[in-house]
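Asks: My structure is below; once you've seen it, I'll send some questions.
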Amino acid sequence: MLLNDTVEELPTAPVRMTYLRGSASVFVNGRFRYQSRHGIARYLARTSSTKAGPLQIIGEVVFNAPYSARWHENWPQSGRFRDPTAGIKYMERKLYGNAHRYFAHIAYKIKTRGM
């Protein structure tokens with residue numbers, strides 16, 4: 001949900017040949033689970049070094065393009081992104097704005113599947 005929201009909801013993840021949007025991966029307890037279908041998977045991460053402890057579930061959404069963190073934090077030098085719907089904090093704003101949906105989904109999955 002977070003991966004798709006980051007690309008589909010305003011502000012969207014920026015575009016540079018769609019490499020950033022295509023570099024997104026989802027991991028659960030360090031295991032690759034899902035890749036973005038929103039762009040070119042040139043920088044896609046397929047491995048994670050995250051280790052979960054007993055009775056612990058760790059989920060990660062990783063944007064692996066080399067410029068993803070810089071574009072998350074700062075406006076480009078030109079003062080605008082190529083895609084006018086893009087903007088800084090493209091992931092962080094989803095975490096704050098949609099946290100209730102994400103936590104409800106996680107709770108449902110734990111409840112129906114168990115840990």
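Residues are named by chain letter and number: chains run A, B, ... in the order of the structure tokens, numbers start at 1 in each chain, and ligands are numbered from 1 in the order shown.
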Running DSSP on the backbone, which parts of chain A land in helix (DSSP H, G or I), as a PyMOL selection string?

Replies: chain A and resi 2-8+19-22+68-73+92-97+99-113

Asks: Restrict the selected residues to C-alpha atoms and save them as a CSV table (one decimal), in the first residue's frame.

Replies:
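Result file selection.csv:
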chain,number,residue,atom,x,y,z
A,2,LEU,CA,2.8,2.4,0.9
A,3,LEU,CA,4.7,1.7,-2.2
A,4,ASN,CA,1.7,2.4,-4.5
A,5,ASP,CA,0.6,5.4,-2.5
A,6,THR,CA,4.1,6.9,-2.8
A,7,VAL,CA,3.8,6.8,-6.6
A,8,GLU,CA,0.1,7.5,-7.0
A,19,TYR,CA,14.1,4.7,-12.5
A,20,LEU,CA,13.1,6.0,-9.0
A,21,ARG,CA,9.6,4.8,-9.2
A,22,GLY,CA,10.8,1.4,-10.6
A,68,SER,CA,16.0,8.8,-4.1
A,69,ALA,CA,17.0,10.1,-0.6
A,70,ARG,CA,18.3,13.4,-2.1
A,71,TRP,CA,15.1,13.9,-4.0
A,72,HIS,CA,13.0,13.0,-1.0
A,73,GLU,CA,14.7,15.8,1.1
A,92,GLU,CA,7.1,10.6,4.5
A,93,ARG,CA,3.8,12.4,3.8
A,94,LYS,CA,2.1,9.1,3.1
A,95,LEU,CA,3.4,7.6,6.3
A,96,TYR,CA,1.9,10.4,8.3
A,97,GLY,CA,-1.3,10.9,6.3
A,99,ALA,CA,-0.8,5.6,9.0
A,100,HIS,CA,-4.2,4.6,10.2
A,101,ARG,CA,-4.8,2.6,7.0
A,102,TYR,CA,-1.4,0.9,7.1
A,103,PHE,CA,-1.7,-0.1,10.7
A,104,ALA,CA,-5.2,-1.4,10.2
A,105,HIS,CA,-4.0,-3.5,7.3
A,106,ILE,CA,-1.0,-4.8,9.3
A,107,ALA,CA,-3.3,-5.7,12.3
A,108,TYR,CA,-5.7,-7.5,10.0
A,109,LYS,CA,-3.0,-9.5,8.4
A,110,ILE,CA,-1.5,-10.5,11.8
A,111,LYS,CA,-5.0,-11.3,13.2
A,112,THR,CA,-5.9,-13.5,10.2
A,113,ARG,CA,-2.6,-15.2,9.6

Asks: Please return, as a PyMOL selection string, all residues of region 27-114 of chain A that DSSP assigns to strand (DSSP E) on the basis of the backbone.

Replies: chain A and resi 27-28+31-35+59-63

Asks: Print the selection's residues with C-alpha atoms to a file, as a PDB file, in the first residue's frame.

Replies:
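The file below, again-v8.pdb, is the result:
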ATOM      1  CA  PHE A  27      10.647  -6.729   2.107  1.00  0.00           C
ATOM      2  CA  VAL A  28       9.152  -8.570   5.081  1.00  0.00           C
ATOM      3  CA  ARG A  31      12.752 -11.413   2.356  1.00  0.00           C
ATOM      4  CA  PHE A  32      11.876  -9.853  -0.995  1.00  0.00           C
ATOM      5  CA  ARG A  33       8.090  -9.809  -1.452  1.00  0.00           C
ATOM      6  CA  TYR A  34       7.105  -7.306  -4.119  1.00  0.00           C
ATOM      7  CA  GLN A  35       8.554  -4.934  -6.678  1.00  0.00           C
ATOM      8  CA  GLY A  59       8.388  -4.524   6.846  1.00  0.00           C
ATOM      9  CA  GLU A  60      10.438  -2.285   4.561  1.00  0.00           C
ATOM     10  CA  VAL A  61       9.667  -0.257   1.481  1.00  0.00           C
ATOM     11  CA  VAL A  62      12.954   0.582  -0.221  1.00  0.00           C
ATOM     12  CA  PHE A  63      13.473   3.078  -3.035  1.00  0.00           C
TER      13      PHE A  63
END

Asks: To one decimal place in Å, what is the distance between CA of Ser25 (chain A) and CA of Gly79 (chain A)?

Replies: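 Answer for the CA of Ser25 (chain A) to CA of Gly79 (chain A) separation: 28.2 Å.
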
Asks: Rank A:Ser23, A:Asn64, A:Thr85, A:Thr50 by their smallest atom-to-atom distance to Pro11 (chain A), using only C-alpha atoms, and report the top residue only.

Replies: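 Using only C-alpha atoms, Pro11 (chain A) sits closest to A:Thr85.
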
Asks: Select, from A:Thr18, A:Asn98, A:Thr12, A:Gln77, the residue with the minimum atom-to-atom distance to Arg37 (chain A), counting only C-alpha atoms.

Replies: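 Checking each of A:Thr18, A:Asn98, A:Thr12, A:Gln77 against Arg37 (chain A), counting only C-alpha atoms, the winner is A:Thr18.
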
Asks: What's the separation between CA of Arg16 (chain A) and CA of Ser49 (chain A), in Å to one decimal place?

Replies: 27.2 Å

Asks: Expressed in Å to a single decimal, how great is the separation between CA of Phe81 (chain A) and CA of Pro14 (chain A)?

Replies: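 Atom-to-atom, CA of Phe81 (chain A) to CA of Pro14 (chain A), that is 6.5 Å.
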
Asks: Which residue is closest to Ile40 (chain A)? Choose from A:Met91, A:Met17, A:Met1, A:Val26 and count only C-alpha atoms.

Replies: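 Among A:Met91, A:Met17, A:Met1, A:Val26, it is A:Met17 that comes nearest to Ile40 (chain A).
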
Asks: Can you pull out every residue within 7 Å of Arg82 (chain A), counting only C-alpha atoms, but drop anything in the same chain fewer than 2 positions away, and send it as an mmCIF file with N, CA and C atoms, in the first residue's frame?

Replies:
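Once written, around.cif looks like this:
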data_model
loop_
_atom_site.group_PDB
_atom_site.id
_atom_site.type_symbol
_atom_site.label_atom_id
_atom_site.label_comp_id
_atom_site.auth_asym_id
_atom_site.auth_seq_id
_atom_site.Cartn_x
_atom_site.Cartn_y
_atom_site.Cartn_z
ATOM 1 N N VAL A 15 10.213 11.745 -11.123
ATOM 2 C CA VAL A 15 10.487 10.922 -12.297
ATOM 3 C C VAL A 15 11.810 11.351 -12.933
ATOM 4 N N ARG A 80 12.061 22.850 -9.822
ATOM 5 C CA ARG A 80 10.860 22.088 -10.149
ATOM 6 C C ARG A 80 11.245 20.668 -10.545
ATOM 7 N N PRO A 84 5.009 17.589 -12.668
ATOM 8 C CA PRO A 84 4.493 18.631 -11.773
ATOM 9 C C PRO A 84 3.769 18.097 -10.540
#

Asks: Return the single residue from A:Lys89, A:Asp83, A:Ile58, A:Ala24 that is closest to Leu44 (chain A), with distances computed using only C-alpha atoms.

Replies: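 Checking each of A:Lys89, A:Asp83, A:Ile58, A:Ala24 against Leu44 (chain A), counting only C-alpha atoms, the winner is A:Ala24.
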